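target_6.pdb (PDB, C-alpha atoms)
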```
ATOM      1  CA  MET A   1      -5.382  -3.571  16.496
ATOM      2  CA  LYS A   2      -1.758  -2.388  16.266
ATOM      3  CA  ILE A   3      -0.807   0.212  13.656
ATOM      4  CA  VAL A   4       2.580   1.655  12.749
ATOM      5  CA  ILE A   5       2.654   5.069  11.060
ATOM      6  CA  GLY A   6       5.881   6.374   9.547
ATOM      7  CA  LEU A   7       6.368  10.126  10.043
ATOM      8  CA  ASP A   8       9.197  12.369   8.888
ATOM      9  CA  GLY A   9       7.567  15.788   9.165
ATOM     10  CA  SER A  10       6.646  15.974   5.476
ATOM     11  CA  PRO A  11       3.075  16.804   4.399
ATOM     12  CA  HIS A  12       2.854  13.406   2.693
ATOM     13  CA  SER A  13       3.567  11.514   5.910
ATOM     14  CA  LEU A  14       0.948  13.597   7.760
ATOM     15  CA  VAL A  15      -1.642  12.442   5.205
ATOM     16  CA  GLY A  16      -1.132   8.935   6.573
ATOM     17  CA  ARG A  17      -1.682  10.144  10.110
ATOM     18  CA  ASP A  18      -4.838  12.029   9.105
ATOM     19  CA  LEU A  19      -6.145   8.971   7.271
ATOM     20  CA  VAL A  20      -5.766   6.808  10.370
ATOM     21  CA  ALA A  21      -7.367   9.511  12.555
ATOM     22  CA  SER A  22     -10.405   9.712  10.246
ATOM     23  CA  LEU A  23     -11.349   6.030  10.533
ATOM     24  CA  SER A  24     -13.351   4.201  13.198
ATOM     25  CA  TRP A  25     -10.945   1.597  14.557
ATOM     26  CA  PRO A  26     -11.832  -1.224  16.966
ATOM     27  CA  ALA A  27     -11.672  -0.411  20.665
ATOM     28  CA  GLY A  28      -8.198  -0.741  22.121
ATOM     29  CA  THR A  29      -6.378   0.142  18.899
ATOM     30  CA  THR A  30      -2.790   1.268  19.490
ATOM     31  CA  VAL A  31      -0.892   3.505  17.080
ATOM     32  CA  GLN A  32       2.886   3.756  17.147
ATOM     33  CA  LEU A  33       4.301   6.849  15.454
ATOM     34  CA  VAL A  34       7.759   6.007  14.171
ATOM     35  CA  GLY A  35      10.427   8.489  13.179
ATOM     36  CA  ALA A  36      13.824   7.618  11.748
ATOM     37  CA  TYR A  37      16.936   9.739  11.504
ATOM     38  CA  GLN A  38      20.490   9.421  10.265
ATOM     39  CA  LEU A  39      23.567  11.365  11.283
ATOM     40  CA  PRO A  40      25.731  13.296   8.807
ATOM     41  CA  VAL A  41      29.177  11.954   8.057
ATOM     42  CA  ASP A  42      31.857  13.278  10.419
ATOM     43  CA  TRP A  43      34.470  14.372   7.894
ATOM     44  CA  SER A  44      36.824  15.384  10.706
ATOM     45  CA  GLY A  45      37.681  11.748  11.305
ATOM     46  CA  GLY A  46      36.885  12.178  14.997
ATOM     47  CA  LEU A  47      40.131  14.138  15.640
ATOM     48  CA  GLY A  48      40.568  16.412  18.633
ATOM     49  CA  SER A  49      37.695  18.478  19.977
ATOM     50  CA  THR A  50      35.647  18.084  16.808
ATOM     51  CA  ALA A  51      34.466  14.598  17.908
ATOM     52  CA  SER A  52      32.133  15.926  20.594
ATOM     53  CA  TRP A  53      29.856  17.806  18.209
ATOM     54  CA  MET A  54      28.561  14.555  16.721
ATOM     55  CA  GLY A  55      27.100  13.479  20.053
ATOM     56  CA  GLU A  56      25.500  16.867  20.544
ATOM     57  CA  LEU A  57      24.040  16.756  17.050
ATOM     58  CA  HIS A  58      22.723  13.232  17.673
ATOM     59  CA  ASP A  59      20.866  14.427  20.782
ATOM     60  CA  ALA A  60      19.486  17.502  19.023
ATOM     61  CA  ILE A  61      18.135  15.550  16.044
ATOM     62  CA  ARG A  62      16.624  12.833  18.235
ATOM     63  CA  ASP A  63      15.006  15.314  20.621
ATOM     64  CA  GLY A  64      13.661  17.448  17.780
ATOM     65  CA  LEU A  65      12.111  14.449  16.050
ATOM     66  CA  THR A  66      10.646  13.209  19.341
ATOM     67  CA  GLU A  67       8.933  16.566  19.807
ATOM     68  CA  GLN A  68       7.589  16.454  16.236
ATOM     69  CA  LEU A  69       6.048  13.044  16.860
ATOM     70  CA  ARG A  70       4.540  14.211  20.137
ATOM     71  CA  ALA A  71       2.870  17.153  18.392
ATOM     72  CA  ALA A  72       1.729  14.975  15.486
ATOM     73  CA  ALA A  73      -0.113  12.647  17.866
ATOM     74  CA  ASP A  74      -2.834  15.167  18.758
ATOM     75  CA  PRO A  75      -5.395  14.250  16.032
ATOM     76  CA  LEU A  76      -4.977  10.555  16.852
ATOM     77  CA  VAL A  77      -5.462  11.127  20.575
ATOM     78  CA  THR A  78      -8.528  13.248  19.830
ATOM     79  CA  ALA A  79      -9.882  10.309  17.796
ATOM     80  CA  GLY A  80      -9.642   8.132  20.932
ATOM     81  CA  LEU A  81      -6.607   6.093  19.904
ATOM     82  CA  THR A  82      -3.774   5.072  22.207
ATOM     83  CA  VAL A  83      -0.610   6.628  20.790
ATOM     84  CA  GLU A  84       3.039   5.764  21.360
ATOM     85  CA  GLN A  85       6.135   7.367  19.853
ATOM     86  CA  ALA A  86       9.338   5.651  18.758
ATOM     87  CA  VAL A  87      12.401   7.486  17.441
ATOM     88  CA  ARG A  88      15.159   5.290  16.047
ATOM     89  CA  LEU A  89      18.506   5.798  14.388
ATOM     90  CA  GLY A  90      18.736   4.205  10.936
ATOM     91  CA  ARG A  91      17.395   4.123   7.389
ATOM     92  CA  ALA A  92      13.712   5.043   7.333
ATOM     93  CA  ALA A  93      12.524   1.867   5.576
ATOM     94  CA  ASP A  94      14.590  -0.386   7.853
ATOM     95  CA  VAL A  95      13.351   1.416  10.961
ATOM     96  CA  LEU A  96       9.702   1.111   9.905
ATOM     97  CA  LEU A  97      10.018  -2.563   9.010
ATOM     98  CA  ASP A  98      11.782  -3.320  12.304
ATOM     99  CA  ALA A  99       9.133  -1.404  14.263
ATOM    100  CA  ALA A 100       6.319  -3.302  12.525
ATOM    101  CA  ARG A 101       8.004  -6.610  13.282
ATOM    102  CA  ASP A 102       8.748  -5.741  16.913
ATOM    103  CA  LEU A 103       5.185  -4.531  17.517
ATOM    104  CA  GLU A 104       3.689  -7.431  15.530
ATOM    105  CA  ALA A 105       1.726  -4.759  13.707
ATOM    106  CA  ASP A 106      -1.540  -5.464  11.904
ATOM    107  CA  LEU A 107      -1.009  -2.542   9.522
ATOM    108  CA  VAL A 108       1.712  -0.129   8.420
ATOM    109  CA  VAL A 109       0.781   3.297   7.048
ATOM    110  CA  VAL A 110       3.278   5.432   5.133
ATOM    111  CA  GLY A 111       3.011   8.582   3.053
ATOM    112  CA  SER A 112       3.546   8.319  -0.669
ATOM    113  CA  ARG A 113       6.660  10.514  -0.522
ATOM    114  CA  GLY A 114       8.938  11.740   2.219
ATOM    115  CA  LEU A 115      11.183  14.747   2.607
ATOM    116  CA  GLY A 116      13.732  13.229   0.250
ATOM    117  CA  GLY A 117      11.298  12.462  -2.575
ATOM    118  CA  LEU A 118      11.362  14.350  -5.847
ATOM    119  CA  LYS A 119       8.081  16.083  -6.608
ATOM    120  CA  ALA A 120       7.873  14.271  -9.924
ATOM    121  CA  MET A 121       7.839  10.883  -8.203
ATOM    122  CA  LEU A 122       4.401   9.539  -7.304
ATOM    123  CA  ILE A 123       5.864   7.053  -4.843
ATOM    124  CA  GLY A 124       8.954   7.524  -2.742
ATOM    125  CA  SER A 125      11.664   4.972  -2.128
ATOM    126  CA  VAL A 126      10.664   4.452   1.526
ATOM    127  CA  ALA A 127       7.020   3.762   0.691
ATOM    128  CA  GLY A 128       8.006   1.371  -2.101
ATOM    129  CA  GLU A 129      10.477  -0.528   0.071
ATOM    130  CA  VAL A 130       8.072  -0.850   2.996
ATOM    131  CA  ALA A 131       5.290  -2.060   0.702
ATOM    132  CA  GLU A 132       7.716  -4.577  -0.790
ATOM    133  CA  HIS A 133       9.069  -6.092   2.420
ATOM    134  CA  ALA A 134       6.463  -5.700   5.179
ATOM    135  CA  THR A 135       4.848  -8.930   6.351
ATOM    136  CA  CYS A 136       1.551  -7.209   7.227
ATOM    137  CA  PRO A 137      -0.753  -5.104   5.029
ATOM    138  CA  VAL A 138       0.591  -1.667   4.061
ATOM    139  CA  ILE A 139      -1.349   1.473   3.166
ATOM    140  CA  VAL A 140       0.521   4.007   1.047
ATOM    141  CA  ALA A 141      -1.558   7.076   1.853
ATOM    142  CA  ARG A 142      -2.355   9.791  -0.657
ATOM    143  CA  THR A 143      -5.778  10.889   0.636
ATOM    144  CA  PRO A 144      -6.806  11.734   4.217
ATOM    145  CA  ARG A 145     -10.111   9.841   4.031
ATOM    146  CA  ILE A 146     -11.672   6.698   2.571
ATOM    147  CA  GLU A 147     -15.183   7.012   1.164
ATOM    148  CA  ARG A 148     -14.983   4.713  -1.882
ATOM    149  CA  LEU A 149     -13.019   1.472  -2.191
ATOM    150  CA  LEU A 150     -11.792  -0.428  -5.241
ATOM    151  CA  VAL A 151     -10.666  -4.027  -4.808
ATOM    152  CA  ALA A 152      -8.564  -5.482  -7.636
ATOM    153  CA  THR A 153      -8.431  -9.235  -8.057
ATOM    154  CA  ASP A 154      -7.021 -11.838 -10.420
ATOM    155  CA  GLY A 155      -7.777 -14.932  -8.352
ATOM    156  CA  SER A 156      -4.178 -15.115  -7.088
ATOM    157  CA  PRO A 157      -3.413 -16.289  -3.512
ATOM    158  CA  ALA A 158      -2.451 -12.758  -2.473
ATOM    159  CA  ALA A 159      -5.677 -11.275  -3.860
ATOM    160  CA  GLU A 160      -7.691 -14.028  -2.168
ATOM    161  CA  GLN A 161      -6.408 -12.686   1.177
ATOM    162  CA  ILE A 162      -8.054  -9.290   0.644
ATOM    163  CA  PRO A 163     -11.517 -10.018   2.156
ATOM    164  CA  GLU A 164      -9.988 -11.564   5.262
ATOM    165  CA  GLN A 165      -7.614  -8.626   5.720
ATOM    166  CA  LEU A 166     -10.311  -6.000   5.131
ATOM    167  CA  ASP A 167     -12.564  -7.756   7.619
ATOM    168  CA  GLY A 168      -9.747  -8.014  10.155
ATOM    169  CA  LEU A 169      -9.025  -4.285  10.004
ATOM    170  CA  GLY A 170     -12.646  -3.635  10.977
ATOM    171  CA  ILE A 171     -13.020  -0.254   9.246
ATOM    172  CA  PHE A 172     -14.670  -1.054   5.922
ATOM    173  CA  THR A 173     -18.135  -2.305   6.918
ATOM    174  CA  GLY A 174     -20.793  -0.648   4.765
ATOM    175  CA  LEU A 175     -18.264   1.115   2.534
ATOM    176  CA  GLN A 176     -19.309   1.448  -1.108
ATOM    177  CA  THR A 177     -17.000  -0.862  -3.044
ATOM    178  CA  ASP A 178     -16.253  -1.882  -6.615
ATOM    179  CA  VAL A 179     -14.377  -5.038  -7.574
ATOM    180  CA  VAL A 180     -12.421  -5.141 -10.823
ATOM    181  CA  ALA A 181     -10.688  -8.021 -12.599
ATOM    182  CA  VAL A 182      -8.765  -7.489 -15.829
ATOM    183  CA  ALA A 183      -8.427  -9.886 -18.758
ATOM    184  CA  VAL A 184      -5.031  -9.320 -20.377
ATOM    185  CA  PRO A 185      -5.195  -9.049 -24.193
ATOM    186  CA  ASP A 186      -2.623 -10.271 -26.668
ATOM    187  CA  SER A 187      -0.325  -7.715 -28.247
ATOM    188  CA  PRO A 188      -1.097  -6.727 -31.889
ATOM    189  CA  ALA A 189       2.177  -8.320 -33.038
ATOM    190  CA  PHE A 190       1.343 -11.604 -31.332
ATOM    191  CA  GLU A 191      -2.142 -11.608 -32.829
ATOM    192  CA  LEU A 192      -0.661 -11.096 -36.320
ATOM    193  CA  LEU A 193       1.799 -13.977 -35.902
ATOM    194  CA  VAL A 194      -0.897 -16.272 -34.578
ATOM    195  CA  GLY A 195      -3.169 -15.345 -37.465
ATOM    196  CA  ILE A 196      -0.449 -16.263 -39.959
ATOM    197  CA  TYR A 197       0.680 -19.525 -38.399
ATOM    198  CA  THR A 198      -2.680 -20.895 -37.252
ATOM    199  CA  LEU A 199      -4.369 -20.254 -40.630
ATOM    200  CA  GLY A 200      -7.635 -19.259 -39.059
ATOM    201  CA  ASP A 201      -7.512 -21.679 -36.121
ATOM    202  CA  ASP A 202     -10.052 -20.420 -33.566
ATOM    203  CA  ARG A 203      -8.122 -21.551 -30.472
ATOM    204  CA  LEU A 204      -6.793 -18.047 -29.865
ATOM    205  CA  GLU A 205     -10.305 -16.626 -29.801
ATOM    206  CA  GLN A 206     -11.364 -19.416 -27.458
ATOM    207  CA  GLU A 207      -8.492 -18.534 -25.128
ATOM    208  CA  ARG A 208      -9.491 -14.878 -25.180
ATOM    209  CA  ALA A 209     -13.054 -15.819 -24.304
ATOM    210  CA  ALA A 210     -11.797 -18.029 -21.474
ATOM    211  CA  LEU A 211      -9.710 -15.168 -20.047
ATOM    212  CA  ALA A 212     -12.678 -12.807 -20.211
ATOM    213  CA  ALA A 213     -14.885 -15.386 -18.505
ATOM    214  CA  LYS A 214     -12.270 -15.902 -15.788
ATOM    215  CA  ALA A 215     -12.107 -12.161 -15.125
ATOM    216  CA  GLU A 216     -15.877 -12.041 -14.738
ATOM    217  CA  THR A 217     -15.810 -15.064 -12.434
ATOM    218  CA  ASP A 218     -12.989 -13.620 -10.322
ATOM    219  CA  ALA A 219     -14.779 -10.281  -9.950
ATOM    220  CA  GLN A 220     -18.096 -11.896  -9.074
ATOM    221  CA  GLY A 221     -16.494 -14.264  -6.583
ATOM    222  CA  MET A 222     -14.662 -11.449  -4.808
ATOM    223  CA  ALA A 223     -17.766  -9.251  -4.739
ATOM    224  CA  THR A 224     -19.788 -12.092  -3.220
ATOM    225  CA  ARG A 225     -17.184 -12.668  -0.495
ATOM    226  CA  LEU A 226     -16.969  -8.975   0.354
ATOM    227  CA  THR A 227     -20.737  -8.537   0.470
ATOM    228  CA  ALA A 228     -20.993 -11.528   2.811
ATOM    229  CA  ILE A 229     -18.774  -9.774   5.386
ATOM    230  CA  GLY A 230     -20.694  -6.508   5.245
ATOM    231  CA  ILE A 231     -18.776  -4.683   2.503
ATOM    232  CA  PRO A 232     -21.331  -4.230  -0.322
ATOM    233  CA  ALA A 233     -19.479  -4.739  -3.600
ATOM    234  CA  GLU A 234     -20.282  -4.587  -7.308
ATOM    235  CA  PRO A 235     -18.250  -6.727  -9.767
ATOM    236  CA  HIS A 236     -16.675  -5.355 -12.962
ATOM    237  CA  SER A 237     -14.356  -6.837 -15.574
ATOM    238  CA  ARG A 238     -12.139  -4.999 -18.027
ATOM    239  CA  ARG A 239      -9.659  -5.868 -20.763
ATOM    240  CA  GLY A 240      -6.193  -4.405 -21.121
ATOM    241  CA  ASP A 241      -3.048  -3.841 -19.116
ATOM    242  CA  PRO A 242      -3.968  -4.734 -15.510
ATOM    243  CA  ALA A 243      -2.374  -1.781 -13.682
ATOM    244  CA  THR A 244      -3.595   0.734 -16.259
ATOM    245  CA  GLU A 245      -7.164  -0.573 -16.125
ATOM    246  CA  ILE A 246      -7.199  -0.754 -12.316
ATOM    247  CA  VAL A 247      -6.051   2.849 -12.030
ATOM    248  CA  ALA A 248      -8.497   3.963 -14.741
ATOM    249  CA  HIS A 249     -11.408   2.301 -12.948
ATOM    250  CA  ALA A 250     -10.368   3.921  -9.681
ATOM    251  CA  GLU A 251     -10.372   7.332 -11.339
ATOM    252  CA  GLU A 252     -13.760   6.725 -12.961
ATOM    253  CA  ILE A 253     -15.435   5.966  -9.630
ATOM    254  CA  ALA A 254     -13.320   8.458  -7.614
ATOM    255  CA  ALA A 255     -12.007   5.708  -5.344
ATOM    256  CA  ASP A 256     -10.024   6.864  -2.317
ATOM    257  CA  LEU A 257      -8.377   3.485  -1.753
ATOM    258  CA  ILE A 258      -7.302   0.653  -4.054
ATOM    259  CA  ALA A 259      -6.724  -2.765  -2.464
ATOM    260  CA  VAL A 260      -4.362  -5.039  -4.402
ATOM    261  CA  GLY A 261      -2.561  -8.303  -3.800
ATOM    262  CA  SER A 262       1.214  -8.051  -3.584
ATOM    263  CA  ARG A 263       1.695 -10.570  -6.401
ATOM    264  CA  GLY A 264      -0.516 -11.763  -9.207
ATOM    265  CA  LEU A 265      -0.726 -15.172 -10.822
ATOM    266  CA  SER A 266       2.119 -14.310 -13.175
ATOM    267  CA  GLY A 267       4.495 -13.161 -10.428
ATOM    268  CA  LEU A 268       7.574 -15.190  -9.553
ATOM    269  CA  ASP A 269       7.760 -16.360  -5.946
ATOM    270  CA  ARG A 270      11.092 -14.621  -5.488
ATOM    271  CA  LEU A 271       9.491 -11.255  -6.227
ATOM    272  CA  LEU A 272       7.965  -9.805  -3.062
ATOM    273  CA  LEU A 273       6.020  -7.171  -4.955
ATOM    274  CA  GLY A 274       4.638  -8.002  -8.388
ATOM    275  CA  SER A 275       4.660  -5.683 -11.372
ATOM    276  CA  VAL A 276       0.914  -4.963 -11.211
ATOM    277  CA  ALA A 277       1.023  -3.936  -7.530
ATOM    278  CA  ARG A 278       4.146  -1.862  -8.118
ATOM    279  CA  ASN A 279       2.636  -0.106 -11.155
ATOM    280  CA  VAL A 280      -0.602   0.633  -9.311
ATOM    281  CA  LEU A 281       1.440   2.115  -6.463
ATOM    282  CA  THR A 282       3.339   4.244  -8.952
ATOM    283  CA  GLN A 283       0.415   5.405 -11.086
ATOM    284  CA  ALA A 284      -2.559   5.771  -8.754
ATOM    285  CA  GLU A 285      -3.655   9.053  -7.245
ATOM    286  CA  ALA A 286      -5.669   7.173  -4.615
ATOM    287  CA  SER A 287      -4.227   5.547  -1.519
ATOM    288  CA  VAL A 288      -3.192   1.931  -2.061
ATOM    289  CA  LEU A 289      -3.531  -1.017   0.323
ATOM    290  CA  VAL A 290      -1.098  -3.843  -0.450
ATOM    291  CA  VAL A 291      -1.999  -7.291   0.889
ATOM    292  CA  ARG A 292       0.249 -10.314   0.569
ATOM    293  CA  LYS A 293      -0.400 -14.009   0.981
ATOM    294  CA  GLY A 294      -0.053 -15.060   4.579
ATOM    295  CA  SER A 295       0.018 -11.496   5.914
TER
END
```

As structure tokens, the full file:
Amino acid sequence: MKIVIGLDGSPHSLVGRDLVASLSWPAGTTVQLVGAYQLPVDWSGGLGSTASWMGELHDAIRDGLTEQLRAAADPLVTAGLTVEQAVRLGRAADVLLDAARDLEADLVVVGSRGLGGLKAMLIGSVAGEVAEHATCPVIVARTPRIERLLVATDGSPAAEQIPEQLDGLGIFTGLQTDVVAVAVPDSPAFELLVGIYTLGDDRLEQERAALAAKAETDAQGMATRLTAIGIPAEPHSRRGDPATEIVAHAEEIAADLIAVGSRGLSGLDRLLLGSVARNVLTQAEASVLVVRKGS
């Protein structure tokens, strides 16, 4: 197992490290702690003796970040994991994505906000960008432990990858798990228009019933697959806005982690991260695991 953890010294990034340290990973798991830095603009234009200070600053920032990563590794080493450090110059999201690709990582873990995030934002730009573009599963960490899991499904190809990815990570066996699928209702305005123009035609009600039945089938199918691989799961179906209902269910059961597919059935192929996954990332107080088709 190969894991990349993005660290920038913020408390939020250390939550990701603590989450990884708390779990029982397969033997031989390697963790790469990745730090990114950028240099300030040299407004002197590189004239005269002022040019040399940029090189000195570069060395100081790199060495300071290297020392931070070395100190941050202690809980992971104590947990028996092999830890490497990588400090790279560049944008944080680009550096993390490049590191994951170079390592052929099985998982990327990032904090929900970094040093540059506003406190009012529930998800920072780095976490959102990594979740959007990574080719492997991504955990956006908000809690330092996982004791209750919620798996969201809609029968989409990305959601169908969730059992395989959970099994491959090897850390969820025996974990108490709920599965939720959401039937999307019609808006009140649409219902009114349909009522006027169909003159009592019952096809709308039949479609609603079909959507509700599909949600129940999707939840039951996912729960059966998870239980078969040693993750005991209970199916649930709800009706409403998918992201809102997923987050509400997570809060009701005090889930520490929500697993979602990167795109739902309604997502366009050109969108790497669908609206439901993005809204869950934005709204949830739990950690979120994003899985995409083919990851």

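What separates CA of Ile231 in chain A from CA of Val179 in chain A is a distance of 11.0 Å.
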
Produce a table with one row for each residue of range 202-255 of chain A that has an atom at most 10 Å from any atom of range 154-167 of chain A, each row naming the nearest atom pair and its distance in Å at one decimal; use all atoms listed in the file; arrange rows by chain and rising residue number; format as a Markdown table.
```
| residue | atom | partner | partner_atom | distance |
| --- | --- | --- | --- | --- |
| A:Lys214 | CA | A:Asp154 | CA | 8.5 |
| A:Ala215 | CA | A:Asp154 | CA | 6.9 |
| A:Glu216 | CA | A:Asp154 | CA | 9.9 |
| A:Thr217 | CA | A:Gly155 | CA | 9.0 |
| A:Asp218 | CA | A:Gly155 | CA | 5.7 |
| A:Ala219 | CA | A:Asp154 | CA | 7.9 |
| A:Gly221 | CA | A:Gly155 | CA | 8.9 |
| A:Met222 | CA | A:Pro163 | CA | 7.8 |
| A:Ala223 | CA | A:Pro163 | CA | 9.3 |
| A:Arg225 | CA | A:Pro163 | CA | 6.8 |
| A:Leu226 | CA | A:Pro163 | CA | 5.8 |
| A:Thr227 | CA | A:Pro163 | CA | 9.5 |
| A:Ala228 | CA | A:Pro163 | CA | 9.6 |
| A:Ile229 | CA | A:Asp167 | CA | 6.9 |
| A:Gly230 | CA | A:Asp167 | CA | 8.6 |
| A:Ile231 | CA | A:Asp167 | CA | 8.6 |
| A:Pro242 | CA | A:Asp154 | CA | 9.3 |
```

Could you write out that same residue set with C-alpha atoms as a short mmCIF file (atom, residue, chain, number, x, y, z; two decimals), in the frame of the given file?
```cif
data_model
loop_
_atom_site.label_atom_id
_atom_site.label_comp_id
_atom_site.auth_asym_id
_atom_site.auth_seq_id
_atom_site.Cartn_x
_atom_site.Cartn_y
_atom_site.Cartn_z
CA LYS A 214 -12.27 -15.90 -15.79
CA ALA A 215 -12.11 -12.16 -15.12
CA GLU A 216 -15.88 -12.04 -14.74
CA THR A 217 -15.81 -15.06 -12.43
CA ASP A 218 -12.99 -13.62 -10.32
CA ALA A 219 -14.78 -10.28 -9.95
CA GLY A 221 -16.49 -14.26 -6.58
CA MET A 222 -14.66 -11.45 -4.81
CA ALA A 223 -17.77 -9.25 -4.74
CA ARG A 225 -17.18 -12.67 -0.50
CA LEU A 226 -16.97 -8.98 0.35
CA THR A 227 -20.74 -8.54 0.47
CA ALA A 228 -20.99 -11.53 2.81
CA ILE A 229 -18.77 -9.77 5.39
CA GLY A 230 -20.69 -6.51 5.24
CA ILE A 231 -18.78 -4.68 2.50
CA PRO A 242 -3.97 -4.73 -15.51
#
```

### Message
Residue by residue, what does the PyMOL selection byres ((chain A and resi 101) around 12) grab here? Present the result as an MDAnalysis selection string.
### Response
chainID A and resid 2:4 94:100 102:108 130 133:136 295

### Summary
With distances taken over only C-alpha atoms, the candidate from A:Gln32, A:Ser125, A:Gln283, A:Gln206 nearest Thr82 in chain A is A:Gln32

### Message
Quick one: residues within 7 Å of Val151 in chain A, all atoms listed in the file, excluding same-chain residues fewer than 3 positions away - as a ChimeraX atom specification?
### Response
/A:178-180,258-260

Residues as selected, C-alpha atoms, written as a PDB file, in the coordinates of the input, can you do that?
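Done, and the output landed in selection34.pdb:
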```pdb
ATOM      1  CA  ASP A 178     -16.253  -1.882  -6.615  1.00  0.00           C
ATOM      2  CA  VAL A 179     -14.377  -5.038  -7.574  1.00  0.00           C
ATOM      3  CA  VAL A 180     -12.421  -5.141 -10.823  1.00  0.00           C
ATOM      4  CA  ILE A 258      -7.302   0.653  -4.054  1.00  0.00           C
ATOM      5  CA  ALA A 259      -6.724  -2.765  -2.464  1.00  0.00           C
ATOM      6  CA  VAL A 260      -4.362  -5.039  -4.402  1.00  0.00           C
TER       7      VAL A 260
END
```

### Task
For each of A:Ala286, A:Val83, A:Ala152, A:Leu7, take the minimum atom-to-atom distance to Leu65 in chain A, counting all atoms listed in the file, then give the residue where this is smallest.
A:Leu7

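Taking CA of Val87 in chain A and CA of Thr66 in chain A as endpoints, the distance between them is 6.3 Å.
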
### Message
Quick check on the file I pasted: which residues fall under the PyMOL selection byres ((chain A and resi 12) around 8)? Write them as a PyMOL selection string.
### Response
chain A and resi 10-11+13-16+111-114+141-142
